[in-house]
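*Asks:* Have a look at this one.
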Amino acid sequence: MLNTEYSLTKSLQAPSISAMNRLVALIALLLSAFAAQAADKPNIIFIMADDLGYTDMGCYGSSYYETPNIDRLAKEGMKFTSGYTTSPNCQPTRAALMSGQYGPRTGVYTVGNIERFNWRSRPLRPVKNVPDLPLDNLTFAQSLKQVGYRTAMFGKWHLGNHGAHHPSQRGFDEAIESSGKHFDFETDPKTDYPKGTYLADFLTDKATDFIRRNKDEPFFLYLPHFGVHSPIQAKPELIAKFRKKQPAGGHHDPVYAAMIASVDESVGRILALLDELKISKNTLVVFTSDNGGVGGYVREGVKKGKDLTDNSPLRGGKGMLYEGGIRVPYIFRWPGKIAANTTCDEPINSVDFFPTVLDISGAKRPDNYILDGVNYTKLLKTKDGKGILKRDALYWHFPGALGAPDNLWRTLPVGVIRSGDWKLMEFFEDGRLELYNLRNDIGETKNLASAEPKKAKELHKKLLAWRKEIKAPMPQPHSESEEKINETPKNKKKNKAA
């Protein structure tokens with residue numbers, strides 16, 4: 001009896017060997033399922049430079065600027081030659097990237113309000129600009145959080161830094177905003193750092209710390225550098241290095257070159273850490289810029305002296321709807337998924353990243369929310385992307401104006417369409433059309449609107465239809481006498497480029 005009771009008690013207190021084996025097998029199965037699920041959700045890192053021009057890197061043609069880490073990224077992944085932003089300046093590109101929507105849906109067309117430039121000297125009143133990304137516009141960071149991603153943003157947000165507009169309230173678990181200065185900078189929220197710290201290094205410190213803490217779970221890191229935006233400031237040791245170099249191809253400024261080198265150092269630190277943690281193969285890294293470089297103005301007659309950089313062979317620069325203002329570097333690396341050392345000429349745009357990141361992460365497409373972009377995941381996994389994207393055209397709507405010194409203008413109100421190799425520009429003040437074949441004339445030197453009237457008419461019709469469909473507001477004529485009532489000394493200042 002005692003033996004029986006003892007045996008029964010033991011069997012109740014401890015599982016049998018077979019039960020233990022089943023438990024171990026179940027735990028192993030669950031762990032393997034979790035691991036498979038994590039592998040299905042790659043880490044995503046999106047690095048964006050500010051005002052970096054299309055040719056401001058070695059892999060895009062510069063022999064003066066030195067970008068070994070960005071060049072490595074291109075060599076190990078896919079480089080786009082027709083990567084576009086939705087706008088020629090900072091804020092609207094960021095709004096389109098985060099929301100997946102063109103400007104007419106967000107109301108963000110430019111930086112700040114329309115009083116930045118003396119628009120009263122022109123025949124059209126610009127459309128009122130929305131300074132912050134509206135709260136009813138979703139961000140893809142919010143979608144990523146819903147499928148288990150840890151999310152972080154360190155750098156220039158530019159979509160509203162107060163209250164509910166701060167990135168910490170727009171889908172980012174961690175967010176530190178900083179822009180405006182490269183030394184002695186301020187951060188939001190306030191963060192201490194050693195005196196003399198360079199902003200690009202500070203942001204990269206925060207980014208690498210985030211990666212280390214989240215290496216075992218899917219994460220999304222958004223690293224929008226303030227470099228290489230003005231003020232043109234760089235680390236002295238890097239400036240000294242470039243002072244010894246001969247200028248080449250319109251690239252000549254040692255301080256600007258040193259700023260590019262700091263952004264490149266940041267990319268290098270990120271790549272080195274991914275290798276150290278052995279998570280490179282499960283991490284998509286994207287590198288791009290928010291608009292074209294600060295150059296091309298002298299050739300366009302909107303600046304005297306010398307440009308900071310040169311976007312040649314592209315025409316124009318930041319603030320213009322010519323290629324130099326909206327065509328930017330775009331590089332994607334994802335070992336084992338994206339073929340190394342590939343180049344793609346298929347046009348992609350800021351609004352495309354939202355639907356693409358949904359597909360890559362397995363996140364659900366938001367209900368009752370329009371996404372203007374297309375998913376280019378399949379394109380990334382091809383050799384050149386030809387024939388993959390089923391999109392007829394890309395569109396730009398700029399119902400304002402961007403000034404330059406001496407009461408000159410970088411751009412006036414304009415609408416743009418690119419379809420295939422063709423690009424049409426419609427200037428709203430006088431209805432002038434400009435038509436270019438970008439395959440034959442990437443520098444937009446020959447306006448073919450008169451020589452190719454059928455093509456001009458075809459593209460103009462598409463542009464008009466798109467504006468009607470998206471309900472794009474148009475700048476309106478104004479009377480100088482009507483505006484004098486509200487005239488202030490501030491409004492009479494000369495145009496100051498920004």
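Every chain in the structure tokens takes a letter, A first, then B, and so on in the order presented; its residues are numbered from 1, and the ligands are numbered from 1 following the presented order.
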Residues of range 236-284 of chain A in alpha helix (DSSP H) according to DSSP, as a ChimeraX atom specification?
*Replies:* /A:236-243,254-276
*Asks:* Give me, as a ChimeraX atom specification, all polymer residues having an atom no more than 10 Å from Leu463 in chain A, counting only C-alpha atoms and skipping those fewer than 3 positions away in the same chain.
*Replies:* /A:393-397,415-418,424-426,457-460,466-469
*Asks:* Pick out the closest residue to Gly420 in chain A from this set: A:Phe202, A:Tyr376, A:Tyr436, A:Tyr109. Count only C-alpha atoms.
*Replies:*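 Closest to Gly420 in chain A of all the choices is A:Tyr436.
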*Asks:* Which range 94-113 of chain A residues have any atom within 12 Å of an atom of range 67-86 of chain A, and for each, what is the nearest pair of atoms with distance in Å to one decimal, counting only C-alpha atoms, rows sorted by chain and number, as JSON lines?
*Replies:*
{"residue": "A:Arg94", "atom": "CA", "partner": "A:Thr86", "partner_atom": "CA", "distance": 8.9}
{"residue": "A:Ala95", "atom": "CA", "partner": "A:Thr86", "partner_atom": "CA", "distance": 9.3}
{"residue": "A:Ala96", "atom": "CA", "partner": "A:Thr86", "partner_atom": "CA", "distance": 6.8}
{"residue": "A:Leu97", "atom": "CA", "partner": "A:Thr86", "partner_atom": "CA", "distance": 8.5}
{"residue": "A:Met98", "atom": "CA", "partner": "A:Thr86", "partner_atom": "CA", "distance": 11.8}
{"residue": "A:Ser99", "atom": "CA", "partner": "A:Thr86", "partner_atom": "CA", "distance": 11.9}
{"residue": "A:Gly100", "atom": "CA", "partner": "A:Thr86", "partner_atom": "CA", "distance": 10.4}
{"residue": "A:Gln101", "atom": "CA", "partner": "A:Thr86", "partner_atom": "CA", "distance": 9.4}
{"residue": "A:Tyr102", "atom": "CA", "partner": "A:Thr86", "partner_atom": "CA", "distance": 7.1}
{"residue": "A:Gly103", "atom": "CA", "partner": "A:Thr86", "partner_atom": "CA", "distance": 8.0}
{"residue": "A:Pro104", "atom": "CA", "partner": "A:Thr86", "partner_atom": "CA", "distance": 11.2}
{"residue": "A:Val108", "atom": "CA", "partner": "A:Thr86", "partner_atom": "CA", "distance": 10.7}
{"residue": "A:Tyr109", "atom": "CA", "partner": "A:Thr86", "partner_atom": "CA", "distance": 9.3}
{"residue": "A:Thr110", "atom": "CA", "partner": "A:Thr86", "partner_atom": "CA", "distance": 10.7}
*Asks:* I need the chosen residues saved as a compact mmCIF listing (two decimals), in the first residue's frame, with C-alpha atoms.
*Replies:*
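Just written: part03.txt:
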# COMPACT_ATOMS: atom_id res chain seq x y z
CA ARG A 94 8.97 63.89 -45.91
CA ALA A 95 5.19 64.23 -45.79
CA ALA A 96 4.80 62.10 -48.92
CA LEU A 97 7.29 59.50 -47.69
CA MET A 98 5.61 59.06 -44.31
CA SER A 99 1.99 59.21 -45.53
CA GLY A 100 2.29 57.51 -48.93
CA GLN A 101 0.26 60.36 -50.42
CA TYR A 102 0.85 63.16 -52.91
CA GLY A 103 0.77 66.78 -51.74
CA PRO A 104 -2.87 67.50 -52.71
CA VAL A 108 2.04 69.99 -47.66
CA TYR A 109 3.57 71.54 -50.79
CA THR A 110 6.55 73.49 -49.54
*Asks:* Write out as a count of residues only the residues lying within 9 Å of range 48-62 of chain A, counting only C-alpha atoms and excluding same-chain residues fewer than 3 positions away.
*Replies:* 53
*Asks:* When you look at Leu274 in chain A with a cut-off of 9 Å (counting only C-alpha atoms), what residues show up, excluding the ones that are within fewer than 4 positions of it in the same chain? I need them as a list in words.
*Replies:*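 These residues fall inside the cut-off: Ile211, Lys215, Arg269, Ile270, Lys278, Ile279, Ser280, Lys281 and Thr283 of chain A.
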*Asks:* Quick one: residues within 12 Å of Gln146 in chain A, only C-alpha atoms counted, chain neighbours fewer than 2 positions away excluded, as an MDAnalysis selection string?
*Replies:* chainID A and resid 139:144 148:151 171:173 218 358 361:366
*Asks:* Grab the residues selected above and save them as a PDB file, in the first residue's frame with C-alpha atoms.
*Replies:*
ATOM      1  CA  THR A 139       2.394  57.057 -41.195  1.00  0.00           C
ATOM      2  CA  PHE A 140       3.851  53.720 -42.214  1.00  0.00           C
ATOM      3  CA  ALA A 141       5.562  53.607 -38.785  1.00  0.00           C
ATOM      4  CA  GLN A 142       2.094  53.224 -37.253  1.00  0.00           C
ATOM      5  CA  SER A 143       1.430  50.248 -39.519  1.00  0.00           C
ATOM      6  CA  LEU A 144       4.765  48.653 -38.627  1.00  0.00           C
ATOM      7  CA  GLY A 148       5.344  43.935 -33.837  1.00  0.00           C
ATOM      8  CA  TYR A 149       8.087  46.266 -35.028  1.00  0.00           C
ATOM      9  CA  ARG A 150      10.073  48.411 -32.627  1.00  0.00           C
ATOM     10  CA  THR A 151      10.363  51.812 -34.275  1.00  0.00           C
ATOM     11  CA  GLY A 171       4.270  55.722 -34.740  1.00  0.00           C
ATOM     12  CA  PHE A 172       7.770  55.877 -33.280  1.00  0.00           C
ATOM     13  CA  ASP A 173       8.561  54.199 -29.957  1.00  0.00           C
ATOM     14  CA  PRO A 218      12.036  43.198 -35.873  1.00  0.00           C
ATOM     15  CA  LEU A 358       3.698  47.096 -45.910  1.00  0.00           C
ATOM     16  CA  SER A 361       6.778  43.627 -43.246  1.00  0.00           C
ATOM     17  CA  GLY A 362       3.524  41.739 -43.726  1.00  0.00           C
ATOM     18  CA  ALA A 363       1.542  44.694 -42.353  1.00  0.00           C
ATOM     19  CA  LYS A 364      -2.065  45.100 -43.419  1.00  0.00           C
ATOM     20  CA  ARG A 365      -2.975  47.844 -45.874  1.00  0.00           C
ATOM     21  CA  PRO A 366      -4.877  50.507 -43.878  1.00  0.00           C
TER      22      PRO A 366
END
*Asks:* Among range 39-149 of chain A, which residues does DSSP mark as strand (DSSP E or B) when it is run on the backbone? Keep the chain and numbering as in the structure and answer as a ChimeraX atom specification.
*Replies:* /A:43-49,78-84,124-125
*Asks:* So that I can see what lies close to Val414 in chain A, please list as a VMD selection string the residues with an atom at most 12 Å from it, counting only C-alpha atoms and leaving out residues fewer than 2 positions away in the same chain.
*Replies:* chain A and resid 87 to 88 109 124 126 to 127 319 to 322 395 to 402 410 to 412 416 to 417 424 to 434 463 467 474 to 475
*Asks:* Quick check, in Å to one decimal: how far apart do CA of Lys306 in chain A and CA of Gly250 in chain A lie?
*Replies:* 9.4 Å
*Asks:* When you draw a straight line from CA of Thr191 in chain A to CA of Ile176 in chain A, how long is it in Å?
*Replies:*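 Taking CA of Thr191 in chain A and CA of Ile176 in chain A, their separation equals 8.3 Å.
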*Asks:* Measure the distance from CA of Gly107 in chain A to CA of Leu159 in chain A in Å and round it to one decimal.
*Replies:*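 Value for the CA of Gly107 in chain A-CA of Leu159 in chain A distance: 11.8 Å.
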